[in-house]
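Peer 1: Below you'll find final.cif; it's mmCIF, C-alpha atoms.
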data_final
loop_
_atom_site.label_atom_id
_atom_site.label_comp_id
_atom_site.auth_asym_id
_atom_site.auth_seq_id
_atom_site.Cartn_x
_atom_site.Cartn_y
_atom_site.Cartn_z
CA MET A 309 98.84 73.44 78.42
CA THR A 310 95.31 74.57 79.22
CA PHE A 311 94.28 76.96 81.97
CA PRO A 312 91.38 74.76 83.22
CA SER A 313 93.72 71.79 83.68
CA ILE A 314 96.03 73.91 85.82
CA ALA A 315 93.20 75.06 88.09
CA THR A 316 91.90 71.49 88.45
CA ALA A 317 95.36 70.14 89.29
CA VAL A 318 95.92 72.80 91.95
CA VAL A 319 92.51 72.23 93.56
CA GLN A 320 92.97 68.45 93.68
CA TRP A 321 96.52 68.70 95.01
CA GLN A 322 95.53 71.15 97.73
CA ALA A 323 92.78 68.86 98.98
CA SER A 324 95.18 65.97 99.51
CA HIS A 325 98.60 67.55 100.02
CA GLY A 326 98.15 71.22 100.90
CA ARG A 327 97.83 72.92 104.27
CA ASN A 328 94.35 72.30 105.66
CA HIS A 329 94.92 72.58 109.41
CA LEU A 330 95.52 76.30 109.91
CA PRO A 331 92.98 78.05 112.18
CA TRP A 332 91.98 80.68 109.64
CA GLN A 333 91.15 77.93 107.15
CA GLN A 334 88.32 76.66 109.33
CA THR A 335 86.20 79.78 108.82
CA ARG A 336 84.70 82.04 106.19
CA ASP A 337 84.49 84.91 108.65
CA PRO A 338 86.10 87.84 106.77
CA TYR A 339 87.37 89.37 110.02
CA ARG A 340 89.44 86.30 110.86
CA VAL A 341 90.61 85.74 107.29
CA TRP A 342 91.55 89.42 106.94
CA LEU A 343 93.50 89.33 110.21
CA SER A 344 95.45 86.27 109.09
CA GLU A 345 96.19 87.72 105.66
CA ILE A 346 97.60 90.95 107.10
CA MET A 347 99.73 89.03 109.62
CA LEU A 348 101.01 86.67 106.93
CA GLN A 349 102.37 89.48 104.78
CA GLN A 350 106.15 88.92 104.82
CA THR A 351 105.83 86.76 107.94
CA GLN A 352 106.06 82.96 108.24
CA VAL A 353 103.05 80.90 109.25
CA SER A 354 104.84 79.44 112.28
CA THR A 355 105.40 82.95 113.66
CA VAL A 356 101.86 84.13 112.95
CA LEU A 357 100.04 81.29 114.72
CA GLY A 358 100.63 82.54 118.27
CA TYR A 359 100.01 86.18 117.41
CA TYR A 360 96.78 85.30 115.61
CA GLN A 361 95.25 83.58 118.61
CA ARG A 362 96.35 86.32 121.04
CA PHE A 363 94.76 88.93 118.79
CA LEU A 364 91.49 87.02 118.66
CA ASP A 365 91.52 86.61 122.43
CA ALA A 366 91.92 90.39 122.85
CA PHE A 367 89.82 91.50 119.89
CA PRO A 368 87.34 88.76 118.93
CA ASP A 369 85.59 90.87 116.28
CA VAL A 370 86.03 93.98 114.19
CA ALA A 371 84.05 96.14 116.62
CA SER A 372 86.37 95.39 119.56
CA LEU A 373 89.46 96.04 117.43
CA ALA A 374 88.06 99.34 116.17
CA ALA A 375 87.29 100.47 119.72
CA ALA A 376 90.74 99.59 121.09
CA PRO A 377 93.48 102.21 121.67
CA GLN A 378 96.21 102.11 119.04
CA ASP A 379 98.81 101.43 121.73
CA ALA A 380 96.97 98.25 122.73
CA VAL A 381 97.01 97.05 119.12
CA LEU A 382 100.71 97.85 118.71
CA ALA A 383 101.53 96.11 121.99
CA LEU A 384 100.00 92.85 120.74
CA TRP A 385 101.78 93.30 117.40
CA SER A 386 105.20 93.78 119.01
CA GLY A 387 107.67 91.34 117.47
CA LEU A 388 105.82 90.80 114.17
CA GLY A 389 107.55 93.76 112.52
CA TYR A 390 106.31 95.93 109.65
CA TYR A 391 104.30 97.95 112.15
CA SER A 392 102.47 99.93 109.48
CA ARG A 393 100.41 96.75 109.10
CA ALA A 394 99.18 97.11 112.68
CA ARG A 395 98.36 100.79 112.28
CA ASN A 396 96.46 100.09 109.06
CA LEU A 397 94.75 97.12 110.71
CA HIS A 398 93.37 99.49 113.34
CA LYS A 399 92.35 102.10 110.76
CA CYS A 400 90.70 99.45 108.60
CA ALA A 401 88.62 98.14 111.52
CA GLN A 402 87.44 101.66 112.27
CA ASN A 403 86.62 102.20 108.59
CA VAL A 404 84.58 98.99 108.45
CA MET A 405 82.60 100.10 111.49
CA GLU A 406 82.07 103.66 110.29
CA GLN A 407 81.63 103.22 106.54
CA TRP A 408 80.34 99.65 106.19
CA ASP A 409 78.19 99.26 109.33
CA GLY A 410 80.55 96.68 110.79
CA ALA A 411 80.36 94.24 107.85
CA PHE A 412 83.28 93.73 105.46
CA PRO A 413 82.41 94.37 101.80
CA GLN A 414 82.11 91.18 99.74
CA THR A 415 84.00 92.03 96.56
CA ALA A 416 87.73 92.39 96.01
CA GLU A 417 87.22 95.74 94.34
CA GLU A 418 85.50 97.17 97.42
CA LEU A 419 87.84 95.47 99.88
CA ALA A 420 90.82 97.08 98.14
CA THR A 421 89.49 100.52 99.11
CA LEU A 422 90.08 99.80 102.80
CA PRO A 423 93.30 100.89 104.58
CA GLY A 424 96.12 98.37 104.33
CA ILE A 425 94.32 96.04 101.90
CA GLY A 426 96.02 95.83 98.52
CA ARG A 427 94.77 94.02 95.45
CA SER A 428 96.24 90.63 96.35
CA THR A 429 95.01 90.69 99.95
CA ALA A 430 91.58 91.78 98.75
CA GLY A 431 91.53 88.86 96.34
CA ALA A 432 92.47 86.42 99.08
CA ILE A 433 89.72 87.62 101.44
CA SER A 434 87.12 87.66 98.68
CA SER A 435 87.97 84.22 97.32
CA PHE A 436 88.27 82.58 100.75
CA CYS A 437 85.16 84.11 102.28
CA PHE A 438 82.87 84.80 99.33
CA SER A 439 84.24 82.47 96.60
CA GLU A 440 84.66 85.38 94.20
CA ARG A 441 86.57 84.42 91.05
CA VAL A 442 89.51 86.76 91.56
CA PRO A 443 93.25 86.03 91.64
CA ILE A 444 95.95 86.80 94.16
CA LEU A 445 99.54 87.66 93.33
CA ASP A 446 101.67 87.54 96.45
CA ALA A 447 105.36 86.60 96.23
CA ASN A 448 104.74 82.85 96.33
CA VAL A 449 101.97 82.89 93.74
CA ARG A 450 103.93 85.24 91.49
CA ARG A 451 106.79 82.75 91.50
CA VAL A 452 104.51 79.81 90.64
CA LEU A 453 102.78 81.64 87.81
CA THR A 454 105.89 83.02 86.15
CA ARG A 455 107.44 79.56 86.15
CA VAL A 456 104.38 77.73 84.88
CA LEU A 457 103.96 80.27 82.08
CA ALA A 458 107.68 80.94 81.55
CA PHE A 459 106.67 84.57 81.90
CA ASP A 460 109.89 86.47 81.32
CA GLY A 461 108.57 90.03 81.48
CA ASP A 462 110.51 92.21 83.90
CA LEU A 463 108.16 92.63 86.89
CA ALA A 464 109.95 95.84 87.81
CA GLN A 465 107.93 97.33 84.94
CA SER A 466 104.27 97.97 85.72
CA LYS A 467 103.05 96.89 82.27
CA ASN A 468 104.45 93.40 82.85
CA GLU A 469 102.99 93.21 86.34
CA LYS A 470 99.58 94.13 84.86
CA GLN A 471 99.94 91.43 82.22
CA LEU A 472 100.70 88.83 84.88
CA TRP A 473 97.52 89.85 86.68
CA VAL A 474 95.62 89.15 83.44
CA HIS A 475 97.11 85.65 83.27
CA ALA A 476 96.36 85.09 86.96
CA GLN A 477 92.70 85.93 86.34
CA GLN A 478 92.54 83.54 83.39
CA LEU A 479 93.95 80.69 85.48
CA CYS A 480 91.23 80.86 88.15
CA PRO A 481 88.69 78.00 88.28
CA THR A 482 85.51 78.39 86.27
CA GLU A 483 83.30 75.73 87.90
CA ASN A 484 82.06 74.92 91.41
CA LEU A 485 83.46 78.24 92.62
CA TYR A 486 82.08 77.97 96.15
CA GLU A 487 84.48 75.11 96.91
CA ALA A 488 87.05 75.57 94.17
CA MET A 489 88.07 79.21 94.68
CA PRO A 490 89.14 78.95 98.34
CA ARG A 491 91.00 75.72 97.67
CA TYR A 492 92.65 77.03 94.50
CA THR A 493 93.80 80.23 96.21
CA GLN A 494 95.19 78.27 99.15
CA GLY A 495 96.74 75.74 96.81
CA MET A 496 98.69 78.38 94.90
CA MET A 497 99.99 79.75 98.20
CA ASP A 498 100.92 76.26 99.39
CA LEU A 499 102.75 75.38 96.16
CA GLY A 500 104.89 78.49 96.42
CA ALA A 501 105.63 77.90 100.10
CA SER A 502 106.43 74.18 99.99
CA ILE A 503 107.36 73.06 96.46
CA CYS A 504 107.93 75.94 94.05
CA THR A 505 110.52 77.52 96.33
CA PRO A 506 112.99 80.24 95.29
CA ARG A 507 115.92 77.82 95.33
CA LYS A 508 115.92 74.12 94.41
CA PRO A 509 112.18 73.77 93.73
CA GLY A 510 110.70 70.29 94.04
CA CYS A 511 109.64 70.03 90.42
CA LEU A 512 109.31 66.24 90.39
CA VAL A 513 106.58 66.26 93.03
CA CYS A 514 104.80 69.36 91.76
CA PRO A 515 101.23 68.79 90.51
CA LEU A 516 101.96 71.24 87.68
CA HIS A 517 105.11 69.41 86.58
CA ASP A 518 103.67 68.41 83.20
CA GLU A 519 102.28 71.89 82.55
CA CYS A 520 105.22 74.00 83.72
CA ARG A 521 107.15 75.55 80.85
CA ALA A 522 110.09 76.60 83.02
CA GLY A 523 110.28 73.13 84.52
CA ARG A 524 110.38 71.54 81.08
CA ALA A 525 113.10 73.97 80.02
CA GLY A 526 115.10 73.11 83.14
CA ASN A 527 115.43 76.70 84.33
CA PRO A 528 112.72 77.40 86.93
CA GLU A 529 115.09 79.44 89.07
CA ALA A 530 115.34 82.00 86.26
CA TYR A 531 111.84 83.17 87.21
CA PRO A 532 110.42 85.55 88.20
CA VAL A 533 112.41 88.24 86.39
CA ARG A 534 112.92 91.50 88.26
CA THR A 535 115.85 93.75 87.44
CA ARG A 536 115.41 96.50 90.01
CA LYS A 537 117.18 95.66 93.25
CA VAL A 538 116.69 97.46 96.54
CA LYS A 539 119.97 98.70 97.97
CA ARG A 540 120.64 97.81 101.59
CA THR A 541 121.66 100.63 103.91
CA SER A 542 122.75 100.82 107.53
CA GLU A 543 122.37 103.25 110.40
CA ALA A 544 123.85 103.53 113.88
CA TRP A 545 121.52 104.53 116.71
CA TRP A 546 122.39 105.34 120.29
CA LEU A 547 119.64 104.57 122.81
CA LEU A 548 119.39 106.50 126.06
CA VAL A 549 118.11 103.94 128.57
CA ALA A 550 117.31 106.17 131.57
CA VAL A 551 116.31 104.22 134.69
CA ASP A 552 115.19 105.64 138.03
CA SER A 553 115.48 104.18 141.52
CA GLN A 554 112.13 102.41 141.11
CA ARG A 555 113.47 100.50 138.10
CA ARG A 556 111.26 102.49 135.76
CA VAL A 557 112.55 103.33 132.29
CA TRP A 558 111.85 106.52 130.37
CA LEU A 559 110.22 105.83 126.99
CA GLN A 560 109.20 108.15 124.18
CA LYS A 561 106.64 107.53 121.47
CA ARG A 562 108.25 107.48 118.05
CA PRO A 563 106.91 109.70 115.21
CA GLN A 564 104.06 108.28 113.12
CA VAL A 565 106.34 107.86 110.11
CA GLY A 566 109.66 106.10 109.70
CA ILE A 567 111.26 103.19 111.51
CA TRP A 568 109.27 101.96 114.54
CA ALA A 569 106.58 104.55 113.75
CA GLY A 570 104.09 104.96 116.59
CA LEU A 571 105.96 102.61 118.94
CA TYR A 572 107.61 103.41 122.26
CA SER A 573 111.38 103.38 122.58
CA PRO A 574 114.16 104.89 124.67
CA PRO A 575 115.17 108.23 123.12
CA VAL A 576 117.21 107.70 119.95
CA PHE A 577 120.30 109.71 118.93
CA ASP A 578 122.48 109.56 115.85
CA SER A 579 125.74 109.72 117.83
CA TYR A 580 127.16 109.07 121.28
CA GLU A 581 128.06 112.76 121.54
CA ALA A 582 124.47 113.82 120.83
CA LEU A 583 123.20 111.49 123.55
CA LYS A 584 125.70 112.91 126.03
CA ARG A 585 124.80 116.49 125.18
CA PHE A 586 121.12 115.78 125.72
CA ALA A 587 121.80 114.07 129.06
CA ASN A 588 124.01 116.90 130.26
CA VAL A 589 121.39 119.51 129.37
CA THR A 590 118.55 117.52 130.90
CA TRP A 591 120.30 116.53 134.10
CA LEU A 592 122.84 119.41 134.20
CA ASP A 593 125.78 117.37 135.41
CA SER A 594 126.73 114.05 133.90
CA ALA A 595 128.69 113.17 137.06
CA ALA A 596 125.45 113.16 139.03
CA HIS A 597 124.23 109.98 137.40
CA ARG A 598 125.90 106.71 136.53
CA TRP A 599 126.66 105.76 132.95
CA GLN A 600 127.11 102.28 131.53
CA ASP A 601 127.65 101.41 127.89
CA LEU A 602 125.69 98.23 127.30
CA PRO A 603 126.75 95.80 124.55
CA GLY A 604 125.75 96.98 121.10
CA PHE A 605 123.78 94.69 118.81
CA LEU A 606 122.51 94.46 115.27
CA HIS A 607 118.82 94.58 114.32
CA VAL A 608 118.15 93.58 110.71
CA LEU A 609 115.23 95.17 108.86
CA THR A 610 114.12 94.31 105.33
CA HIS A 611 116.36 96.84 103.58
CA LYS A 612 118.36 98.32 106.45
CA ASP A 613 120.75 97.21 109.20
CA LEU A 614 120.32 99.04 112.51
CA HIS A 615 123.40 99.04 114.73
CA LEU A 616 121.99 99.76 118.19
CA HIS A 617 124.16 101.09 121.02
CA PRO A 618 122.27 101.29 124.34
CA VAL A 619 123.64 103.55 127.08
CA LEU A 620 122.25 102.90 130.56
CA ILE A 621 121.92 105.94 132.84
CA THR A 622 120.70 105.39 136.39
CA MET A 623 119.43 108.19 138.61
CA ASP A 624 117.49 109.01 141.76
CA GLN A 625 113.89 110.24 141.84
CA ALA A 626 114.83 113.91 142.01
CA GLN A 627 116.80 113.59 138.80
CA ALA A 628 114.01 111.53 137.19
CA ALA A 629 111.59 114.36 137.98
CA MET A 630 113.61 116.66 135.71
CA VAL A 631 112.25 114.76 132.71
CA PHE A 632 108.96 116.21 131.54
CA GLU A 633 106.23 113.60 131.15
CA ALA A 634 103.68 114.12 128.41
CA ASP A 635 101.45 112.01 126.18
CA GLU A 636 104.45 111.14 124.02
CA SER A 637 106.77 110.08 126.87
CA CYS A 638 106.44 108.29 130.19
CA TRP A 639 108.24 106.52 133.01
CA VAL A 640 107.12 102.87 133.10
CA ASN A 641 108.04 99.73 134.99
CA ALA A 642 108.14 96.18 133.60
CA THR A 643 104.38 95.78 133.97
CA GLY A 644 103.80 99.04 132.13
CA TRP A 645 106.08 98.40 129.18
CA ALA A 646 104.55 94.95 128.71
CA GLU A 647 101.35 96.75 127.72
CA LEU A 648 102.97 99.23 125.34
CA GLY A 649 103.81 98.80 121.69
CA LEU A 650 107.58 98.24 121.71
CA PRO A 651 109.89 97.15 118.88
CA ALA A 652 111.00 93.57 119.45
CA PRO A 653 114.69 94.45 120.07
CA ILE A 654 113.71 97.11 122.61
CA ARG A 655 111.43 94.73 124.48
CA LYS A 656 114.20 92.13 124.55
CA LEU A 657 116.71 94.74 125.78
CA LEU A 658 114.46 95.95 128.60
CA ASP A 659 113.46 92.47 129.65
CA SER A 660 117.07 91.32 129.81
CA GLU A 661 118.53 94.37 131.55
CA LEU A 662 115.75 95.70 133.76
CA ALA A 663 112.96 93.17 134.35
#
Take the structure in the file and give it back as structure tokens.

Peer 2:
Amino acid sequence: MTFPSIATAVVQWQASHGRNHLPWQQTRDPYRVWLSEIMLQQTQVSTVLGYYQRFLDAFPDVASLAAAPQDAVLALWSGLGYYSRARNLHKCAQNVMEQWDGAFPQTAEELATLPGIGRSTAGAISSFCFSERVPILDANVRRVLTRVLAFDGDLAQSKNEKQLWVHAQQLCPTENLYEAMPRYTQGMMDLGASICTPRKPGCLVCPLHDECRAGRAGNPEAYPVRTRKVKRTSEAWWLLVAVDSQRRVWLQKRPQVGIWAGLYSPPVFDSYEALKRFANVTWLDSAAHRWQDLPGFLHVLTHKDLHLHPVLITMDQAQAAMVFEADESCWVNATGWAELGLPAPIRKLLDSELA
């Protein structure tokens, strides 16, 4: 096995069999490539496509994104999840305008200093846009590399992760970098997404079949090795869905840290009793407004299950006026909440019950 032969095989395979139709592949504009890379973190291509175009329609360049209110950015992100990406996207655009005169830096090392851009994302932007000879190491590429090399170091240990980065750098093309680096980087992503899958990889049609040590040993699914597992947890939330006679709902902005950070949501309580106490204090008499327990539902996050229990409370305008409106809370109708950053399950709940 030789590293140059691996790079050549990946580049040739990508040209004929890889993904070459995606909109962000038709440009070397770092703004568009950066936007796609952030959206594609832990999100499937099919989901990203629509969001990507809507973002470009609203914010065609880094200057327009930097100048936009955060709520407008979060509203367009609603449904993609991992909302810290959207907040960092906004911060990064502002940083590029303020610190880099509106032009993205052209090296991975400098790109990695920007908010929300880690080493792998920086490598992707730099190789795609500027043909820099730098590796990436996202989940798909990590899986391909560890199998090809039969790299059995536990990636839960930082020293092994660093060593894999060294191998990834060595594997990068060494010739014709202007064309080879973008295609190699895309090819490694494509292999991990379509052939070198976590379960039942398509080894017989893989362009690295002859070079892959794990494939020859017949145990590709043993890689990558990572011993530390993240424990799943669960929480139960009660949502106070207060609606006035104009069909407006009362929403509060969530704290800037934690689940749904910076998004708007009905007030959240950790128990039904806590929700009732709040309602009784706010509106004095629970008999003065109508209560309805809506069907509960499960919202699955990466490492947590949220059991959501919405409680609908309807009231007249006099009662609605008892709720203090401030920057962090507001009464909004269907048109208004369409323009706010809402978690996907909250948007679905409001659209189904109130729109």

Peer 1: So how many Å separate atom CA of A:Pro651 and atom CA of A:Val538, to one decimal?

Peer 2: 23.4 Å

Peer 1: One decimal, in Å: what's the spacing between atom CA of A:Ala569 and atom CA of A:Leu650?

Peer 2: 10.2 Å

Peer 1: Tell me, as a list in words, which residues lie within 8 Å of A:Leu422, counting only C-alpha atoms; anything in the same chain fewer than 4 positions away does not count.

Peer 2: Cys400, Asn403, Val404 and Glu418 of chain A

Peer 1: Using the chain letters and numbers from this file, what does the PyMOL selection byres ((chain A and resi 598-609) around 12) select? Give the answer as a ChimeraX atom specification.

Peer 2: /A:350,388-391,540-553,567-568,580,583-584,587-588,591,593-597,610-624,627,651-654,656-658,660-661

Peer 1: Enumerate, as a CSV table (one decimal) with C-alpha atoms, in the frame of the given file, the residues matched when the PyMOL selection byres ((chain A and resi 336-338) around 12) is run on the file above.

Peer 2:
chain,number,residue,atom,x,y,z
A,331,PRO,CA,93.0,78.0,112.2
A,332,TRP,CA,92.0,80.7,109.6
A,333,GLN,CA,91.2,77.9,107.2
A,334,GLN,CA,88.3,76.7,109.3
A,335,THR,CA,86.2,79.8,108.8
A,339,TYR,CA,87.4,89.4,110.0
A,340,ARG,CA,89.4,86.3,110.9
A,341,VAL,CA,90.6,85.7,107.3
A,342,TRP,CA,91.6,89.4,106.9
A,343,LEU,CA,93.5,89.3,110.2
A,344,SER,CA,95.4,86.3,109.1
A,345,GLU,CA,96.2,87.7,105.7
A,346,ILE,CA,97.6,91.0,107.1
A,368,PRO,CA,87.3,88.8,118.9
A,369,ASP,CA,85.6,90.9,116.3
A,370,VAL,CA,86.0,94.0,114.2
A,401,ALA,CA,88.6,98.1,111.5
A,404,VAL,CA,84.6,99.0,108.4
A,410,GLY,CA,80.6,96.7,110.8
A,411,ALA,CA,80.4,94.2,107.8
A,412,PHE,CA,83.3,93.7,105.5
A,413,PRO,CA,82.4,94.4,101.8
A,414,GLN,CA,82.1,91.2,99.7
A,415,THR,CA,84.0,92.0,96.6
A,416,ALA,CA,87.7,92.4,96.0
A,419,LEU,CA,87.8,95.5,99.9
A,429,THR,CA,95.0,90.7,100.0
A,430,ALA,CA,91.6,91.8,98.8
A,431,GLY,CA,91.5,88.9,96.3
A,432,ALA,CA,92.5,86.4,99.1
A,433,ILE,CA,89.7,87.6,101.4
A,434,SER,CA,87.1,87.7,98.7
A,435,SER,CA,88.0,84.2,97.3
A,436,PHE,CA,88.3,82.6,100.8
A,437,CYS,CA,85.2,84.1,102.3
A,438,PHE,CA,82.9,84.8,99.3
A,439,SER,CA,84.2,82.5,96.6
A,486,TYR,CA,82.1,78.0,96.2
A,487,GLU,CA,84.5,75.1,96.9
A,490,PRO,CA,89.1,79.0,98.3

Peer 1: Given the choices A:Val452, A:Arg536, A:Gln352, A:Trp473, which gets closest to A:Cys514 if the distance is worked out from only C-alpha atoms?

Peer 2: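 Of the candidates, the smallest distance to A:Cys514 is held by A:Val452.
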
Peer 1: For A:Ala315, which residue out of A:Arg507, A:Arg441, A:Arg556, A:Lys561 is the nearest one, using only C-alpha atoms?

Peer 2: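 Selected residue with least distance to A:Ala315: A:Arg441.
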
Peer 1: Measuring atom to atom with only C-alpha atoms, identify which of A:Leu516, A:Leu499, A:Cys511, A:Leu571 is nearest to A:Trp385.

Peer 2: A:Leu571

Peer 1: Which is closest to A:Met489 among A:Gln465, A:Thr421, A:Gln322, A:Ser392, if we use only C-alpha atoms?

Peer 2: A:Gln322

Peer 1: Quick one: residues within 10 Å of stretch 494-496 of chain A, only C-alpha atoms, excluding same-chain residues fewer than 3 positions away - as number ranges by chain?

Peer 2: A: 315, 317-323, 325-328, 333, 432, 435-436, 443-446, 448-453, 488-491, 499-501, 504

Peer 1: Which residues come within 12 Å of A:Leu384, counting all atoms listed in the file, excluding same-chain residues fewer than 4 positions away, as a count of residues only?

Peer 2: 33

Peer 1: So the first atom is atom CA of A:Leu662 and the second is atom CA of A:Thr351; what is the distance between them in Å, to one decimal place?

Peer 2: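 So the answer is 29.1 Å.
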
Peer 1: Going by the chain IDs and residue numbers used in this file, which residues fall under the PyMOL selection byres ((chain A and resi 518) around 12)? Write them as a list in words.

Peer 2: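 This file gives the following for the PyMOL selection byres ((chain A and resi 518) around 12): Met309, Thr310, Ser313, Ile314, Ala317, Val456, Leu457, Cys511, Leu512, Val513, Cys514, Pro515, Leu516, His517, Glu519, Cys520, Arg521, Ala522, Gly523, Arg524 and Ala525 of chain A.
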